[in-house]
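Trainee: Take a look at entry04.txt, compact mmCIF, C-alpha atoms:
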# COMPACT_ATOMS: atom_id res chain seq x y z
CA MET A 1 -14.97 34.70 -9.26
CA ASP A 2 -15.04 37.17 -6.37
CA LEU A 3 -14.63 34.18 -4.11
CA LEU A 4 -11.18 33.50 -5.54
CA ALA A 5 -9.91 37.07 -5.24
CA PHE A 6 -6.58 37.56 -3.53
CA GLY A 7 -6.39 39.60 -0.37
CA LYS A 8 -9.01 39.99 2.33
CA THR A 9 -12.07 39.78 0.12
CA GLY A 10 -11.51 36.37 -1.41
CA TRP A 11 -10.01 32.98 -0.81
CA GLY A 12 -7.46 33.08 -3.63
CA ASP A 13 -4.32 33.61 -1.57
CA GLU A 14 -5.44 31.20 1.16
CA LEU A 15 -6.02 28.48 -1.42
CA PHE A 16 -2.69 29.28 -3.08
CA TYR A 17 -0.80 28.80 0.19
CA ALA A 18 -2.84 25.69 0.90
CA THR A 19 -1.73 24.28 -2.44
CA LEU A 20 1.89 25.00 -1.55
CA MET A 21 1.29 23.21 1.75
CA THR A 22 -0.10 20.16 -0.06
CA ILE A 23 2.98 20.09 -2.30
CA ALA A 24 5.29 20.50 0.71
CA VAL A 25 3.58 17.69 2.64
CA SER A 26 3.62 15.40 -0.40
CA ILE A 27 7.33 15.92 -1.03
CA THR A 28 8.24 15.53 2.64
CA ALA A 29 6.11 12.40 2.88
CA MET A 30 7.68 10.98 -0.27
CA ILE A 31 11.19 11.56 1.16
CA ILE A 32 10.24 10.01 4.51
CA GLY A 33 8.79 7.13 2.49
CA PHE A 34 12.12 6.67 0.69
CA VAL A 35 13.89 6.50 4.04
CA PHE A 36 11.46 3.79 5.15
CA ALA A 37 11.93 2.01 1.84
CA LEU A 38 15.71 2.13 2.23
CA ILE A 39 15.35 0.44 5.61
CA PHE A 40 12.75 -2.14 4.71
CA THR A 41 13.70 -3.15 1.15
CA PRO A 42 16.96 -4.82 2.29
CA LEU A 43 14.98 -6.56 5.05
CA LYS A 44 12.52 -7.95 2.52
CA LEU A 45 15.33 -9.14 0.26
CA SER A 46 17.45 -10.56 3.05
CA ASN A 47 18.19 -14.28 3.33
CA LYS A 48 17.36 -14.31 7.01
CA LYS A 49 13.80 -15.41 7.80
CA TYR A 50 13.20 -13.11 10.75
CA LEU A 51 14.37 -10.04 8.83
CA ASN A 52 12.00 -11.02 6.03
CA LEU A 53 9.23 -11.27 8.56
CA ILE A 54 9.80 -7.71 9.80
CA GLY A 55 9.83 -6.34 6.26
CA ASN A 56 6.72 -8.23 5.26
CA PHE A 57 4.92 -7.20 8.44
CA TYR A 58 5.47 -3.53 7.63
CA THR A 59 4.29 -3.66 4.03
CA THR A 60 1.36 -6.00 4.70
CA VAL A 61 -0.02 -4.07 7.65
CA ILE A 62 0.32 -0.63 6.10
CA ARG A 63 -1.07 -1.67 2.74
CA GLY A 64 -3.92 -3.65 4.31
CA VAL A 65 -5.17 -1.03 6.77
CA PRO A 66 -6.97 2.18 5.69
CA GLU A 67 -4.80 5.28 5.53
CA LEU A 68 -7.25 7.14 7.76
CA LEU A 69 -6.76 4.62 10.57
CA VAL A 70 -2.97 5.01 10.39
CA ILE A 71 -3.39 8.78 10.53
CA TYR A 72 -5.67 8.55 13.58
CA LEU A 73 -3.15 6.26 15.29
CA LEU A 74 -0.33 8.74 14.81
CA PHE A 75 -2.44 11.81 15.41
CA PHE A 76 -3.86 10.59 18.72
CA GLY A 77 -0.97 8.35 19.69
CA GLY A 78 2.02 10.26 18.32
CA SER A 79 2.52 12.82 21.07
CA GLY A 80 1.77 10.18 23.71
CA ALA A 81 4.46 7.89 22.32
CA ILE A 82 7.02 10.69 22.15
CA MET A 83 6.18 11.80 25.70
CA TYR A 84 6.62 8.23 26.87
CA VAL A 85 10.06 8.03 25.27
CA ALA A 86 10.93 11.46 26.67
CA SER A 87 9.83 10.41 30.17
CA ILE A 88 12.37 7.58 30.07
CA PHE A 89 15.02 10.23 29.59
CA GLY A 90 13.58 12.21 32.46
CA TYR A 91 11.62 14.85 30.51
CA ASN A 92 8.07 15.09 31.82
CA GLU A 93 6.67 18.23 30.20
CA TYR A 94 3.78 18.07 27.75
CA ILE A 95 5.03 17.74 24.18
CA GLU A 96 2.84 18.71 21.27
CA ILE A 97 3.98 17.72 17.83
CA ASN A 98 3.38 20.01 14.97
CA ALA A 99 0.57 19.01 12.58
CA PHE A 100 2.87 19.24 9.57
CA LEU A 101 5.27 16.69 11.03
CA THR A 102 2.51 14.29 12.15
CA GLY A 103 0.86 14.56 8.76
CA SER A 104 4.01 14.11 6.70
CA PHE A 105 5.16 11.29 8.91
CA SER A 106 1.91 9.33 8.69
CA ILE A 107 1.62 9.78 4.92
CA GLY A 108 5.34 8.97 4.72
CA ILE A 109 4.87 5.65 6.50
CA ILE A 110 2.10 4.75 4.03
CA SER A 111 4.03 5.93 0.98
CA GLY A 112 7.09 4.05 2.27
CA ALA A 113 5.25 0.74 2.19
CA TYR A 114 4.39 1.24 -1.48
CA SER A 115 7.92 2.43 -2.31
CA THR A 116 9.37 -0.62 -0.58
CA GLU A 117 7.31 -2.89 -2.82
CA VAL A 118 8.40 -0.93 -5.90
CA PHE A 119 12.11 -1.11 -5.01
CA ARG A 120 11.86 -4.79 -4.13
CA GLY A 121 10.23 -5.53 -7.47
CA ALA A 122 12.81 -3.46 -9.34
CA ILE A 123 15.81 -5.11 -7.67
CA GLN A 124 14.34 -8.56 -8.16
CA SER A 125 13.86 -7.97 -11.86
CA ILE A 126 17.52 -7.08 -12.39
CA ASP A 127 19.26 -9.93 -14.14
CA LYS A 128 21.10 -12.27 -11.78
CA GLY A 129 24.11 -12.15 -14.08
CA GLN A 130 24.69 -8.55 -13.03
CA PHE A 131 25.20 -9.55 -9.40
CA GLU A 132 27.39 -12.49 -10.41
CA ALA A 133 29.47 -10.30 -12.73
CA CYS A 134 30.11 -7.90 -9.86
CA LYS A 135 31.27 -10.77 -7.69
CA VAL A 136 33.53 -12.13 -10.42
CA LEU A 137 35.09 -8.70 -10.92
CA GLY A 138 35.58 -8.43 -7.17
CA PHE A 139 33.57 -5.23 -6.68
CA LYS A 140 32.89 -4.10 -3.16
CA LYS A 141 29.25 -4.28 -2.03
CA LYS A 142 29.03 -0.49 -1.96
CA ILE A 143 30.28 -0.05 -5.52
CA GLN A 144 28.11 -2.92 -6.68
CA PHE A 145 25.04 -1.17 -5.30
CA PHE A 146 25.77 2.39 -6.37
CA LYS A 147 27.39 1.80 -9.75
CA VAL A 148 25.68 -1.31 -11.05
CA ILE A 149 22.43 -2.06 -9.27
CA MET A 150 21.05 1.38 -8.48
CA PRO A 151 21.16 2.85 -12.02
CA GLN A 152 19.31 -0.17 -13.34
CA MET A 153 16.92 -0.23 -10.41
CA LEU A 154 15.94 3.45 -10.83
CA ARG A 155 15.20 2.91 -14.48
CA LEU A 156 12.83 0.09 -13.63
CA ALA A 157 11.36 1.81 -10.58
CA ILE A 158 10.53 5.26 -11.97
CA PRO A 159 7.26 4.35 -13.75
CA ASN A 160 5.97 2.65 -10.58
CA LEU A 161 7.30 5.40 -8.33
CA SER A 162 5.19 7.84 -10.30
CA ASN A 163 2.16 5.80 -9.21
CA VAL A 164 3.36 6.01 -5.60
CA TRP A 165 3.71 9.77 -5.98
CA GLN A 166 0.12 10.02 -7.23
CA ILE A 167 -1.13 7.93 -4.31
CA THR A 168 0.88 10.05 -1.86
CA LEU A 169 -0.37 13.30 -3.34
CA LYS A 170 -3.97 12.16 -3.07
CA ASP A 171 -3.47 10.74 0.43
CA THR A 172 -2.39 14.14 1.73
CA SER A 173 -6.04 15.18 1.48
CA LEU A 174 -6.69 12.82 4.40
CA ILE A 175 -4.51 14.71 6.85
CA SER A 176 -7.02 17.53 6.68
CA VAL A 177 -8.80 15.60 9.46
CA THR A 178 -5.92 16.50 11.78
CA GLY A 179 -6.36 20.20 11.11
CA LEU A 180 -3.34 20.90 8.92
CA VAL A 181 -4.36 23.62 6.49
CA GLU A 182 -3.80 22.11 3.07
CA ILE A 183 -6.10 22.24 0.04
CA MET A 184 -8.84 20.11 1.55
CA ARG A 185 -8.86 21.83 4.94
CA GLN A 186 -8.79 25.29 3.38
CA SER A 187 -11.71 24.39 1.11
CA TYR A 188 -13.57 23.08 4.14
CA ILE A 189 -13.03 26.36 5.97
CA ALA A 190 -13.95 28.42 2.92
CA ALA A 191 -17.02 26.29 2.22
CA GLY A 192 -18.14 26.68 5.81
CA SER A 193 -17.86 30.44 5.96
CA THR A 194 -19.28 31.22 2.51
CA ARG A 195 -21.91 28.45 2.45
CA ASP A 196 -20.72 27.56 -1.01
CA PRO A 197 -19.35 24.01 -0.67
CA LEU A 198 -20.04 23.02 -4.29
CA PHE A 199 -17.77 25.72 -5.66
CA PHE A 200 -14.92 25.26 -3.21
CA TYR A 201 -14.80 21.47 -3.30
CA SER A 202 -14.98 21.51 -7.09
CA PHE A 203 -12.15 24.02 -7.08
CA ALA A 204 -10.17 21.74 -4.77
CA ALA A 205 -10.75 18.91 -7.25
CA VAL A 206 -9.41 21.14 -10.03
CA LEU A 207 -6.33 21.98 -7.95
CA TYR A 208 -5.63 18.29 -7.34
CA LEU A 209 -6.15 17.51 -11.03
CA LEU A 210 -3.70 20.26 -11.91
CA LEU A 211 -1.14 18.90 -9.47
CA THR A 212 -1.44 15.33 -10.75
CA TYR A 213 -1.35 16.52 -14.37
CA LEU A 214 1.74 18.67 -13.91
CA SER A 215 3.61 16.08 -11.89
CA MET A 216 2.84 13.44 -14.53
CA LYS A 217 4.38 15.71 -17.19
CA LEU A 218 7.48 16.16 -15.06
CA ILE A 219 7.83 12.48 -14.29
CA ASN A 220 7.46 11.53 -17.95
CA ARG A 221 10.47 13.70 -18.67
CA LEU A 222 12.48 11.96 -15.97
CA GLU A 223 11.43 8.63 -17.41
CA VAL A 224 12.75 9.57 -20.83
CA LYS A 225 15.99 10.78 -19.29
CA TYR A 226 16.61 7.65 -17.26
CA SER A 227 15.64 5.15 -19.92
CA ARG A 228 18.17 6.61 -22.34
CA GLY A 229 20.72 4.14 -23.56
CA PHE A 230 18.50 1.16 -23.09
CA MET B 1 -1.82 -2.28 27.05
CA ASP B 2 -5.44 -2.16 28.05
CA PHE B 3 -6.72 -5.63 27.16
CA ASP B 4 -10.14 -4.99 28.70
CA LEU B 5 -10.71 -2.15 26.27
CA MET B 6 -9.66 -4.37 23.38
CA ILE B 7 -12.14 -7.04 24.42
CA THR B 8 -15.02 -4.65 25.07
CA SER B 9 -14.50 -2.70 21.85
CA PHE B 10 -14.26 -5.82 19.70
CA PRO B 11 -18.04 -6.49 19.40
CA LYS B 12 -18.69 -2.79 18.69
CA LEU B 13 -16.07 -2.79 15.95
CA LEU B 14 -17.38 -6.06 14.56
CA ASN B 15 -20.84 -4.51 14.26
CA ALA B 16 -19.34 -1.57 12.43
CA THR B 17 -17.58 -3.99 10.09
CA LEU B 18 -21.01 -4.92 8.76
CA VAL B 19 -21.52 -1.31 7.69
CA THR B 20 -18.11 -1.35 5.99
CA LEU B 21 -18.93 -4.58 4.18
CA LYS B 22 -22.30 -3.24 3.05
CA LEU B 23 -20.70 -0.06 1.71
CA LEU B 24 -18.01 -2.10 0.00
CA SER B 25 -20.27 -4.64 -1.67
CA LEU B 26 -22.84 -2.11 -2.90
CA SER B 27 -20.23 0.24 -4.31
CA LEU B 28 -18.39 -2.65 -5.97
CA VAL B 29 -21.56 -3.89 -7.67
CA PHE B 30 -22.50 -0.42 -8.95
CA GLY B 31 -18.89 0.32 -9.77
CA LEU B 32 -18.56 -2.81 -11.86
CA PHE B 33 -21.47 -1.78 -14.07
CA ILE B 34 -20.19 1.79 -14.37
CA GLY B 35 -16.72 0.46 -15.16
CA LEU B 36 -18.00 -1.93 -17.80
CA PHE B 37 -20.08 0.83 -19.40
CA PHE B 38 -17.15 3.23 -19.64
CA ALA B 39 -14.72 0.53 -20.74
CA VAL B 40 -17.01 -0.24 -23.67
CA LEU B 41 -17.22 3.48 -24.48
CA ARG B 42 -13.43 3.66 -24.47
CA LEU B 43 -13.29 0.97 -27.14
CA ARG B 44 -15.64 2.87 -29.45
CA LYS B 45 -14.23 4.58 -32.53
CA ASN B 46 -16.46 7.62 -31.91
CA ILE B 47 -14.06 10.26 -30.68
CA PHE B 48 -16.68 12.05 -28.55
CA LEU B 49 -17.67 8.97 -26.55
CA ASN B 50 -14.05 7.97 -26.30
CA LYS B 51 -12.92 11.34 -24.95
CA PHE B 52 -15.88 11.51 -22.58
CA ALA B 53 -15.02 8.13 -21.06
CA TYR B 54 -11.35 9.07 -20.86
CA GLY B 55 -12.20 12.36 -19.17
CA TYR B 56 -14.38 10.59 -16.63
CA SER B 57 -11.69 8.15 -15.63
CA TYR B 58 -9.01 10.86 -15.64
CA VAL B 59 -10.95 13.15 -13.31
CA PHE B 60 -11.94 10.43 -10.86
CA ARG B 61 -8.47 8.89 -10.77
CA GLY B 62 -6.73 12.25 -10.53
CA THR B 63 -8.59 13.63 -7.53
CA PRO B 64 -8.71 12.29 -3.98
CA LEU B 65 -11.73 10.22 -2.99
CA LEU B 66 -12.31 12.61 -0.08
CA VAL B 67 -12.95 15.50 -2.46
CA GLN B 68 -15.40 13.40 -4.43
CA ILE B 69 -17.37 12.46 -1.33
CA PHE B 70 -17.45 16.07 -0.14
CA ILE B 71 -18.62 17.36 -3.52
CA ILE B 72 -21.45 14.84 -3.57
CA TYR B 73 -22.44 15.11 0.09
CA PHE B 74 -21.94 18.81 0.83
CA GLY B 75 -21.86 20.24 -2.68
CA LEU B 76 -24.86 18.76 -4.44
CA GLY B 77 -27.21 19.69 -1.61
CA GLN B 78 -26.54 23.30 -2.44
CA ILE B 79 -28.28 23.11 -5.81
CA GLU B 80 -31.85 24.20 -5.07
CA TYR B 81 -33.26 22.44 -8.08
CA LEU B 82 -31.95 19.06 -6.92
CA ARG B 83 -33.82 19.39 -3.66
CA THR B 84 -37.12 19.38 -5.50
CA THR B 85 -36.45 16.27 -7.56
CA ILE B 86 -36.82 12.65 -6.59
CA LEU B 87 -33.01 12.41 -6.48
CA TRP B 88 -33.02 14.29 -3.20
CA VAL B 89 -34.42 11.24 -1.42
CA VAL B 90 -31.13 9.53 -2.18
CA LEU B 91 -28.78 12.50 -1.93
CA LYS B 92 -29.85 13.65 1.52
CA GLU B 93 -28.65 10.39 3.04
CA PRO B 94 -24.92 10.33 3.80
CA TYR B 95 -25.04 6.56 3.31
CA TRP B 96 -26.09 6.81 -0.32
CA CYS B 97 -23.84 9.76 -1.01
CA ALA B 98 -20.90 7.69 0.15
CA ILE B 99 -21.97 4.77 -2.01
CA ILE B 100 -22.40 7.01 -5.07
CA ALA B 101 -18.94 8.51 -4.55
CA PHE B 102 -17.34 5.10 -4.00
CA ALA B 103 -19.11 3.58 -7.00
CA LEU B 104 -18.07 6.42 -9.31
CA ASN B 105 -14.51 6.21 -8.00
CA THR B 106 -14.10 2.46 -8.29
CA GLY B 107 -15.97 2.63 -11.62
CA ALA B 108 -13.21 4.83 -13.01
CA TYR B 109 -10.48 2.41 -11.93
CA THR B 110 -12.49 -0.60 -13.05
CA SER B 111 -13.03 0.93 -16.49
CA GLU B 112 -9.26 1.25 -16.91
CA ILE B 113 -8.70 -2.34 -15.79
CA LEU B 114 -11.39 -3.70 -18.11
CA ARG B 115 -10.30 -1.53 -21.02
CA SER B 116 -6.76 -2.86 -20.91
CA ALA B 117 -8.18 -6.38 -20.53
CA PHE B 118 -10.37 -5.93 -23.62
CA GLN B 119 -7.45 -4.56 -25.56
CA THR B 120 -5.23 -7.52 -24.79
CA ILE B 121 -7.74 -10.03 -26.14
CA LYS B 122 -6.17 -11.57 -29.22
CA PRO B 123 -8.02 -10.44 -32.38
CA GLY B 124 -7.94 -14.10 -33.44
CA PHE B 125 -10.63 -14.94 -30.88
CA ILE B 126 -13.01 -12.35 -32.28
CA GLU B 127 -12.16 -13.27 -35.87
CA ALA B 128 -12.79 -16.91 -35.08
CA GLY B 129 -16.20 -15.99 -33.69
CA LYS B 130 -17.00 -13.90 -36.75
CA SER B 131 -15.94 -16.63 -39.17
CA LEU B 132 -18.26 -19.02 -37.36
CA GLY B 133 -21.08 -16.61 -38.06
CA ILE B 134 -21.70 -15.66 -34.43
CA SER B 135 -23.40 -12.31 -34.02
CA ASN B 136 -21.45 -9.37 -32.59
CA LYS B 137 -23.59 -9.31 -29.46
CA ILE B 138 -22.91 -12.95 -28.63
CA ILE B 139 -19.21 -12.50 -29.43
CA PHE B 140 -19.16 -9.68 -26.90
CA TYR B 141 -21.05 -11.50 -24.14
CA LYS B 142 -19.73 -15.01 -24.65
CA ILE B 143 -16.17 -14.43 -25.84
CA GLN B 144 -14.91 -10.95 -24.98
CA ILE B 145 -16.42 -10.55 -21.52
CA PRO B 146 -15.33 -13.92 -20.09
CA ILE B 147 -11.79 -13.46 -21.37
CA ALA B 148 -11.66 -9.89 -20.12
CA ILE B 149 -12.83 -10.96 -16.66
CA ARG B 150 -10.16 -13.63 -16.53
CA GLN B 151 -7.48 -11.18 -17.64
CA SER B 152 -8.46 -8.50 -15.19
CA LEU B 153 -8.88 -10.64 -12.06
CA PRO B 154 -5.49 -9.86 -10.44
CA ALA B 155 -5.80 -6.11 -11.03
CA TYR B 156 -9.42 -6.14 -9.93
CA GLY B 157 -8.47 -7.93 -6.73
CA ASN B 158 -6.14 -5.05 -5.91
CA GLU B 159 -8.93 -2.62 -6.68
CA ILE B 160 -11.26 -4.42 -4.25
CA ILE B 161 -8.68 -4.10 -1.48
CA LEU B 162 -8.09 -0.43 -2.31
CA MET B 163 -11.83 0.15 -2.26
CA MET B 164 -12.16 -1.61 1.09
CA LYS B 165 -9.64 0.85 2.46
CA GLY B 166 -11.48 3.64 0.68
CA THR B 167 -14.72 2.90 2.52
CA SER B 168 -13.01 4.20 5.66
CA LEU B 169 -13.65 7.69 4.26
CA ALA B 170 -17.36 7.17 4.90
CA SER B 171 -16.53 8.10 8.48
CA THR B 172 -15.89 11.67 7.34
CA VAL B 173 -19.55 12.11 6.37
CA THR B 174 -20.88 11.01 9.76
CA LEU B 175 -21.26 7.32 8.93
CA LEU B 176 -20.22 4.90 11.64
CA ASP B 177 -18.28 2.33 9.69
CA LEU B 178 -15.31 0.42 11.13
CA THR B 179 -12.99 3.44 10.99
CA GLY B 180 -15.73 5.76 12.24
CA VAL B 181 -16.38 3.65 15.33
CA ALA B 182 -12.64 3.16 15.87
CA LYS B 183 -12.14 6.92 15.79
CA TYR B 184 -15.03 7.41 18.20
CA ILE B 185 -13.56 4.91 20.67
CA ILE B 186 -10.09 6.45 20.31
CA SER B 187 -11.36 9.96 20.96
CA THR B 188 -13.36 8.92 24.02
CA THR B 189 -10.75 6.66 25.64
CA PHE B 190 -7.50 8.15 24.28
CA LYS B 191 -6.07 4.69 23.76
CA PRO B 192 -5.20 4.74 20.04
CA VAL B 193 -2.83 1.77 20.01
CA GLU B 194 -5.28 -0.77 21.44
CA VAL B 195 -8.11 0.32 19.15
CA PHE B 196 -5.77 0.41 16.16
CA ILE B 197 -4.69 -3.17 16.82
CA VAL B 198 -8.27 -4.45 16.94
CA ALA B 199 -9.65 -2.38 14.03
CA GLY B 200 -6.50 -2.85 11.95
CA GLY B 201 -6.67 -6.57 12.66
CA ILE B 202 -10.22 -6.73 11.30
CA TYR B 203 -9.19 -4.82 8.17
CA LEU B 204 -6.18 -7.08 7.68
CA PHE B 205 -8.37 -10.14 8.08
CA MET B 206 -10.69 -8.84 5.36
CA THR B 207 -7.71 -8.09 3.10
CA PHE B 208 -6.47 -11.61 3.70
CA ILE B 209 -9.85 -13.14 2.78
CA ILE B 210 -10.22 -11.02 -0.38
CA HIS B 211 -6.65 -11.76 -1.42
CA ASN B 212 -7.14 -15.50 -1.11
CA LEU B 213 -10.54 -15.43 -2.76
CA ILE B 214 -9.06 -13.72 -5.81
CA LYS B 215 -6.16 -16.18 -5.83
CA TYR B 216 -8.65 -19.04 -5.79
CA LEU B 217 -10.71 -17.50 -8.59
CA GLU B 218 -7.58 -16.94 -10.63
CA LYS B 219 -6.68 -20.58 -10.30
CA ARG B 220 -10.22 -21.72 -11.01
CA PHE B 221 -10.76 -19.61 -14.11
CA GLY B 222 -7.18 -19.18 -15.32
CA TYR B 223 -5.80 -20.79 -18.45
CA GLN B 224 -4.20 -24.11 -17.78
Mind turning the file's structure into structure tokens?
Mentor:
Amino acid sequence: MDLLAFGKTGWGDELFYATLMTIAVSITAMIIGFVFALIFTPLKLSNKKYLNLIGNFYTTVIRGVPELLVIYLLFFGGSGAIMYVASIFGYNEYIEINAFLTGSFSIGIISGAYSTEVFRGAIQSIDKGQFEACKVLGFKKKIQFFKVIMPQMLRLAIPNLSNVWQITLKDTSLISVTGLVEIMRQSYIAAGSTRDPLFFYSFAAVLYLLLTYLSMKLINRLEVKYSRGF
Amino acid sequence: MDFDLMITSFPKLLNATLVTLKLLSLSLVFGLFIGLFFAVLRLRKNIFLNKFAYGYSYVFRGTPLLVQIFIIYFGLGQIEYLRTTILWVVLKEPYWCAIIAFALNTGAYTSEILRSAFQTIKPGFIEAGKSLGISNKIIFYKIQIPIAIRQSLPAYGNEIILMMKGTSLASTVTLLDLTGVAKYIISTTFKPVEVFIVAGGIYLFMTFIIHNLIKYLEKRFGYQ
């Protein structure tokens, strides 16, 4: 247990901050994923063929290619792409993007593809009568979405979104390859310097289990709250 | 766009795809047996066996695959006793460590898929078998298993695709699978986009094939 002591003698505080980092990356990635889902879900549901094509391209490619490959693309290509865009605007200095942003963004893109599918499924399973009723009553599109469709959609989407959250949480372990110090990276460092990989990786597994367990508890509460009145 | 690089790296990546396919098929075969074993345990009335199987699937589904590979590859080697046993022949190879981790991981997911498939079998089928005087063993092999396989095909198809993506983690324990080679080419040429297009294209092609194969099987074995 000395290994887990807080302070300079053990790895307790380092692992604690690493856990906070994992949570921070997961939440940021989930939010970025929602933004992507908000953009691509309407595209997938649109009547126009070419918009459909763009939406389908995003979800098919991201869900069909390993997460690690997407992370490598953004990790090695991210700063290059931003420098290219910056050079168009006449800025030619070297730009390095922070590991937290690269990591959250790449996990966010992946999580967004899954969220898009969840939202699409949820909207499609809302009864057609609801849309027609809105039209008959002459609701504006905005009110139709926020007051009629969204409450029903959330109710249907929450159980599946909890799966997306689990996937996102576990995927954050992959950005350790880019050097961001989250649970996995910290365990790697600790395992390397103490020569005790079995202990530290098992402890990392326990931390992840704890995170998934606690978040499941929280989400179950949300589920109960949102399915009220059904 | 560096098309020359794309063309020259294609055969290298295609070679690495073989490693990916080998990892995938071996871990799926082992995983299927592990999954079936734990699914059967989950259906037992014995609370110990039941909880054990539940715990197994909970732990392996609740932790990232990367942690599991690292525990098996870096962690197990630390136990002195293991080094003296015959198991060490297997565990010192990163290739087999990866396969063990993948098989245990996909086994956990497969056990959940099969369990829910077994549970949705109508009791009438089993009762019908019993009333015809068929032994429990034959009911299991000839009635329950074929129906369960049919029921679980769509979910299992997803699991195969997830596992195919999971094999990319083999590159973290020094194996040169498709992702490993792609990363190597990216880090030597610094042309991530070109390599991503080729490697991603190969992965997408495999996803496409698996997806259609499962669709075909569903049609072939589905109820009509």
Trainee: Determine the nearest neighbour of chain A from the options B:Phe70, B:Phe30, B:Tyr216, B:Phe125, counting all atoms listed in the file.
Mentor: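 Closest to chain A of all the choices is B:Phe70.
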Trainee: Enumerate as an MDAnalysis selection string the residues belonging to chain A that approach chain B to within 9 Å, with only C-alpha atoms taken into account.
Mentor: chainID A and resid 60:61 63:70 72:77 166:167 169:174 177 184 195:202 204:213
Trainee: From the list A:Lys135, A:Ser162, A:Ala190, A:Val25, which residue is nearest Thr9 in chain A when using only C-alpha atoms?
Mentor: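 Among the listed residues, A:Ala190 lies closest to Thr9 in chain A.
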Trainee: What's the separation between CA of Val19 in chain B and CA of Asp177 in chain B, in Å to one decimal place?
Mentor: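 Computing the Euclidean distance for CA of Val19 in chain B and CA of Asp177 in chain B yields 5.3 Å.
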Trainee: Could you please give me, as a short mmCIF file (atom, residue, chain, number, x, y, z; two decimals) with C-alpha atoms, in the frame of the given file, the residues of protein, DNA or RNA lying at most 10 Å from (-29.8, 12.1, -4.3) in the coordinate frame of the file, considering only C-alpha atoms?
Mentor:
data_model
loop_
_atom_site.label_atom_id
_atom_site.label_comp_id
_atom_site.auth_asym_id
_atom_site.auth_seq_id
_atom_site.Cartn_x
_atom_site.Cartn_y
_atom_site.Cartn_z
CA ILE B 72 -21.45 14.84 -3.57
CA TYR B 73 -22.44 15.11 0.09
CA LEU B 76 -24.86 18.76 -4.44
CA GLY B 77 -27.21 19.69 -1.61
CA LEU B 82 -31.95 19.06 -6.92
CA ARG B 83 -33.82 19.39 -3.66
CA THR B 85 -36.45 16.27 -7.56
CA ILE B 86 -36.82 12.65 -6.59
CA LEU B 87 -33.01 12.41 -6.48
CA TRP B 88 -33.02 14.29 -3.20
CA VAL B 89 -34.42 11.24 -1.42
CA VAL B 90 -31.13 9.53 -2.18
CA LEU B 91 -28.78 12.50 -1.93
CA LYS B 92 -29.85 13.65 1.52
CA GLU B 93 -28.65 10.39 3.04
CA PRO B 94 -24.92 10.33 3.80
CA TRP B 96 -26.09 6.81 -0.32
CA CYS B 97 -23.84 9.76 -1.01
CA ILE B 100 -22.40 7.01 -5.07
#
Trainee: Padding 6 Å on each side, edges along x, y and z: where is the centre of the box around the listed atoms of range 60-78 of chain B, and how long are its edges in Å to one decimal? Output it as lines of an AutoDock Vina configuration file.
Mentor:
center_x = -17.0
center_y = 16.1
center_z = -5.0
size_x = 32.5
size_y = 26.4
size_z = 23.7
Trainee: Could range 165-195 of chain A be written out with C-alpha atoms, as a PDB file, in the first residue's frame, please?
Mentor:
ATOM      1  CA  TRP A 165     -20.700   7.275 -22.357  1.00  0.00           C
ATOM      2  CA  GLN A 166     -19.217   3.914 -21.364  1.00  0.00           C
ATOM      3  CA  ILE A 167     -17.535   3.564 -24.749  1.00  0.00           C
ATOM      4  CA  THR A 168     -16.190   7.116 -24.517  1.00  0.00           C
ATOM      5  CA  LEU A 169     -14.889   6.600 -21.000  1.00  0.00           C
ATOM      6  CA  LYS A 170     -13.052   3.451 -22.021  1.00  0.00           C
ATOM      7  CA  ASP A 171     -11.746   5.012 -25.237  1.00  0.00           C
ATOM      8  CA  THR A 172      -9.993   7.752 -23.280  1.00  0.00           C
ATOM      9  CA  SER A 173      -7.463   5.108 -22.238  1.00  0.00           C
ATOM     10  CA  LEU A 174      -6.267   5.128 -25.855  1.00  0.00           C
ATOM     11  CA  ILE A 175      -5.120   8.736 -25.809  1.00  0.00           C
ATOM     12  CA  SER A 176      -2.409   7.694 -23.392  1.00  0.00           C
ATOM     13  CA  VAL A 177      -0.424   6.910 -26.559  1.00  0.00           C
ATOM     14  CA  THR A 178      -0.250  10.649 -27.244  1.00  0.00           C
ATOM     15  CA  GLY A 179       1.292  11.334 -23.855  1.00  0.00           C
ATOM     16  CA  LEU A 180      -1.634  12.938 -22.054  1.00  0.00           C
ATOM     17  CA  VAL A 181      -1.329  11.961 -18.407  1.00  0.00           C
ATOM     18  CA  GLU A 182      -4.586  10.202 -17.616  1.00  0.00           C
ATOM     19  CA  ILE A 183      -5.099   6.956 -15.690  1.00  0.00           C
ATOM     20  CA  MET A 184      -3.442   4.723 -18.259  1.00  0.00           C
ATOM     21  CA  ARG A 185      -0.440   6.976 -18.872  1.00  0.00           C
ATOM     22  CA  GLN A 186       0.103   7.552 -15.155  1.00  0.00           C
ATOM     23  CA  SER A 187      -0.017   3.799 -14.496  1.00  0.00           C
ATOM     24  CA  TYR A 188       2.473   3.298 -17.312  1.00  0.00           C
ATOM     25  CA  ILE A 189       4.851   5.820 -15.751  1.00  0.00           C
ATOM     26  CA  ALA A 190       4.375   4.373 -12.271  1.00  0.00           C
ATOM     27  CA  ALA A 191       4.799   0.810 -13.529  1.00  0.00           C
ATOM     28  CA  GLY A 192       7.984   1.796 -15.325  1.00  0.00           C
ATOM     29  CA  SER A 193       9.648   3.470 -12.371  1.00  0.00           C
ATOM     30  CA  THR A 194       8.637   0.966  -9.690  1.00  0.00           C
ATOM     31  CA  ARG A 195       8.905  -2.175 -11.850  1.00  0.00           C
TER      32      ARG A 195
END
